[in-house]
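Heads up, the thing below is written out as structure tokens.
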Amino acid sequence: MLEIRHLTKVYDDGTVALKDVSFNVPDGEFLVVIGLSGSGKSTLLRCINRLIDPTEGEIIWDGVDLAKLSGEDLRKSRRRIGMIFQHFNLVKRSQVLTNVLSGRLGYTSTRRSLVGRFSKEDKDKAWAALKRLGIEDQALKRADELSGGQQQRVGVARALMQEPEMILADEPVASLDPVLAHSILQYLEMLNQEDKLTVICSLHYLDLVQRYATRVIGLRDGEIVYQGSREDIRAMTDEEFKEIYGEEAERVGSGLEGALQAEEGGVA
Amino acid sequence: MNDKLKLSHTAEDIRKPSWVPAPIAALLSFIIPGLGQILARSIRRGILLIVSYATIAGLMVWRFILAAPRDEGVVDIVKKGWHLDSSLIVITILFVLLHLWVAYDAYQLAKHRDRTPVSVFFIILVVFFALGWQIGQINIINMVTQADEALPALGRIAWPWIKAIEYDEDEIRAYADIEVPCPEDHDPPPINEVGSEPVIVTDLTCGILREQDGTQGTMLHVEGYNFIPDVEANVMWEDPIGNEFRQRQEGAYVVVSPDADGYFEVDIEMPYRLLPPSATEPTYIWGLFVQQVAAVGDAHLSKDFKLVVEKMIETIFIGMMATFFGVIFALPVSFFAARNLMSASPITLVIYYLVRGVLNIIRSIEPLIWAIIAVIVVGLGPFAGILALVFHSIAALGKLYSEAIESIDPGPIEAIQATGANWVQVVIYAVIPQIIPPFVSFTIYRWDINIRMSTIIGFVGGGGIGFLLAQYIRLLDYRSAGMAVWFIAITVAILDYVSAEIRARFV
């Protein structure tokens with residue numbers, strides 16, 4: 001159970017990114033955060049694993065307040081939280097395998113990582129993760145030789161290496177086309193359902209939200225403006241969505257749906 | 001009044017009438033160019049014309065005085081200037097035209113407030129162009145007519161390889177003694193046996209020298225045997241005190257060409273030679289000899305070729321050492337010059353600006369200037385060249401490296417942090433992989449530049465092939481200079497290719 005209480009973030013330049021945000025995420029939930037660019041989605045996700053230090057508030061996960069952690073304790077908590085990024089954030093010039101292995105750094109001693117040696121176990125894990133995501137034949141290429149969809153799968157594999165209990169996905173499909181978007185989200189859904197990981201994911205498109213979310217919160221200007229269950233969101237019309245979300249919300253072309261249904265069976 | 005600088009008028013200006021009638025404006029501008037325009041309410045234009053006119057006038061005075069520095073009085077100076085440099089005549093004509101045109105311009109401006117003639121500025125440009133031609137001493141005719149004088153030198157530079165090989169030389173000499181003057185008890189000439197060695201035989205074995213007043217010396221008939229066929233030989237003398245000199249006849253040195261059998265014959269007049277007052281003996285023996293220089297043995301690389309190769313190697317190493325030290329010092333410096341690392345606090349920001357400033361100053365001074373300074377400190381030679389290039393490399397690499405650091409993608413850093421990695425791990429896995437490729441690339445690029453620079457730095461005493469090249473050029477030894485140029489070109493071409501290849505792999 002993750003409990004966010006009265007979370008506030010004010011940046012140095014005075015921008016208020018989050019205003020007294022509170023919500024709970026039960027374990028195993030697929031929570032989708034929606035909201036316009038600049039509404040505070042990224043800040044919220046980054047506060048949870050403390051890439052950004054919140055100004056005020058508590059982030060209680062399994063009874064520990066992440067907001068108060070520092071040093072070794074913080075790193076130990078971080079390694080249980082995988083993170084996936086909009087721009088994949090791979091080290092482009094490094095090998096795919098190295099990028100995946102870097103997910104194990106939280107478990108590797110500084111000395112070992114200085115010489116760049118990972119244990120046999122870690123390497124096996126990395127190959128297994130790549131296999132699970134269907135990109136084991138790309139393992140020895142440079143990360144920037146891969147297509148966007150493949151790069152994001154490397155990002156997912158890297159997160160998997162942490163053996164996480166929770167995954168934060170910051171607009172994981174915003175740089176991908178709709179087909180790839182579904183394919184990446186299906187991996188996340190698989191992790192959510194098979195591995196029972198909690199997923200907190202920010203998304204832009206209503207049909208993706210309706211398809212994958214088990215719960216939704218809507219942010220606008222750093223405040224929660226909407227909370228809804230799976231049923232609420234599935235019943236929602238475009239007009240209602242736009243009302244919460246703002247005028248810029250879009251639906252991914254519905255013509256693709258059929259093709260995706262077919263592909264879905266193969267992946268899941 | 002308009003407060004923006006402009007040459008043309010806006011709609012508002014056009015409606016304002018001139019303060020003075022057109023003929024008055026023209027007259028005023030004829031007296032003080034630009035004044036008429038000002039009073040016609042085109043103030044900016046008037047000021048611009050005054051400044052342009054004054055500048056042109058000042059430059060003209062300077063060029064005329066420079067052309068006729070010893071003359072006094074305007075008329076004399078102008079006459080002399082015209083006489084010595086015809087381009088000054090052109091400039092004078094243009095200047096007069098400009099003067100009149102400024103007056104005409106004022107007239108037009110005052111009369112037609114809705115028009116903005118621009119031709120006056122065109123004339124100003126033409127005058128400046130003519131002045132530039134004169135100041136730059138541009139001489140196209142010279143360039144074309146004297147181009148052929150450069151051809152022999154260019155030819156030698158373009159294909160210098162005759163100088164790359166040389167042969168050992170062997171010197172052949174055959175002597176015949178001539179007694180001067182003929183003694184009273186002179187015997188008839190002995191018949192020399194012609195063996196297999198080179199030998200010369202003269203019809204007389206004594207005679208008298210030519211006198212300074214033109215009295216002819218004795219004519220000798222010289223025959224030579226067993227010389228190397230078809231190789232020219234010099235006819236020379238050795239006087240009684242051992243000085244050697246070449247036989248001259250009718251203004252030219254006497255040179256003989258032995259035929260296929262090694263035989264030649266030549267008639268010579270005994271030369272004029274001043275004897276010292278101490279020469280009191282009744283007769284002296286003068287040595288007549290024929291000298292032939294011939295190449296023997298196989299061809300081998302010449303001394304100059306070897307020197308060029310040695311200096312080329314030295315040059316490459318100057319570039320290498322300069323790059324090495326440049327990198328060593330630039331690495332730490334670059335971190336202080338990276339804004340993203342130094343913007344954390346005001347103190348580090350001050351350091352950043354200081355380091356950046358110093359790097360910019362060092363970089364703005366050419367390596368050649370640094371070499372001159374280094375030569376003063378450590379003397380002539382490769383070390384001075386290395387020092388000069390090190391300075392410039394630190395500044396250039398420091399800037400390039402710091403920009404590479406500034407441009408690293410924060411994304412991977414964030415991602416690696418999110419895995420629970422500590423600071424050292426973040427640096428190793430997210431920062432270093434991002435900066436190594438540009439660093440390697442910039443370093444090779446710099447090495448490339450340094451080797452190219454080190455070929456030049458020798459011109460001011462920084463060692464390497466430039467030093468040699470400068471010497472050869474000054475000695476007019478264009479073949480050796482040509483070899484140096486060829487080696488520089490080959491090395492730079494190879495280096496260009498290699499560095500491009502290596503860099504392509506890293507970027």
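Lettering and numbering for the structure tokens are positional, with chains as A, B, ... in the shown order, residues counted from 1 in each chain, and ligands counted from 1 in the shown order.
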
Per DSSP on the backbone, what are the helix (DSSP H, G or I) residues of segment 75-198 of chain B, as a ChimeraX atom specification? /B:75-84,86-111,119-135,140-145,147-158,161-164

Contact table chain A vs chain B, cut-off 6 Å, shortest pair per residue, only C-alpha atoms, as a Markdown table:
| residue | atom | partner | partner_atom | distance |
| --- | --- | --- | --- | --- |
| A:Arg75 | CA | B:Gly420 | CA | 4.2 |
| A:Arg78 | CA | B:Gly420 | CA | 4.9 |
| A:Arg79 | CA | B:Gly420 | CA | 4.6 |
| A:Asn89 | CA | B:Pro412 | CA | 4.5 |
| A:Leu90 | CA | B:Pro412 | CA | 5.5 |
| A:Val91 | CA | B:Pro412 | CA | 5.6 |
| A:Gly103 | CA | B:Thr419 | CA | 5.5 |
| A:Leu105 | CA | B:Ala421 | CA | 5.2 |
| A:Gly106 | CA | B:Gly420 | CA | 4.4 |

Got a sec to tell me which of segment 89-200 of chain A DSSP assigns to strand (DSSP E or B), as an NGL selection string? :A and (95 or 142 or 166-169 or 198-200)

Grab the atom CA of Ile405 of chain B to atom CA of Arg503 of chain B distance for me, in Å with one decimal place.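 For atom CA of Ile405 of chain B relative to atom CA of Arg503 of chain B, the distance reads 17.8 Å.
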
Separation of atom CA of Thr8 of chain A from atom CA of Val21 of chain A, in Å and rounded to one decimal: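 For atom CA of Thr8 of chain A relative to atom CA of Val21 of chain A, the distance reads 6.6 Å.
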
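Across the model, the gap from atom CA of Leu59 of chain B to atom CA of Arg45 of chain B is 21.0 Å.
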
For Ile268 of chain B, the nearest of the candidates B:Gln146, B:Gly319, B:Gly207, B:Lys311, counting only C-alpha atoms: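 The shortest atom-to-atom distance to Ile268 of chain B comes from B:Gly207.
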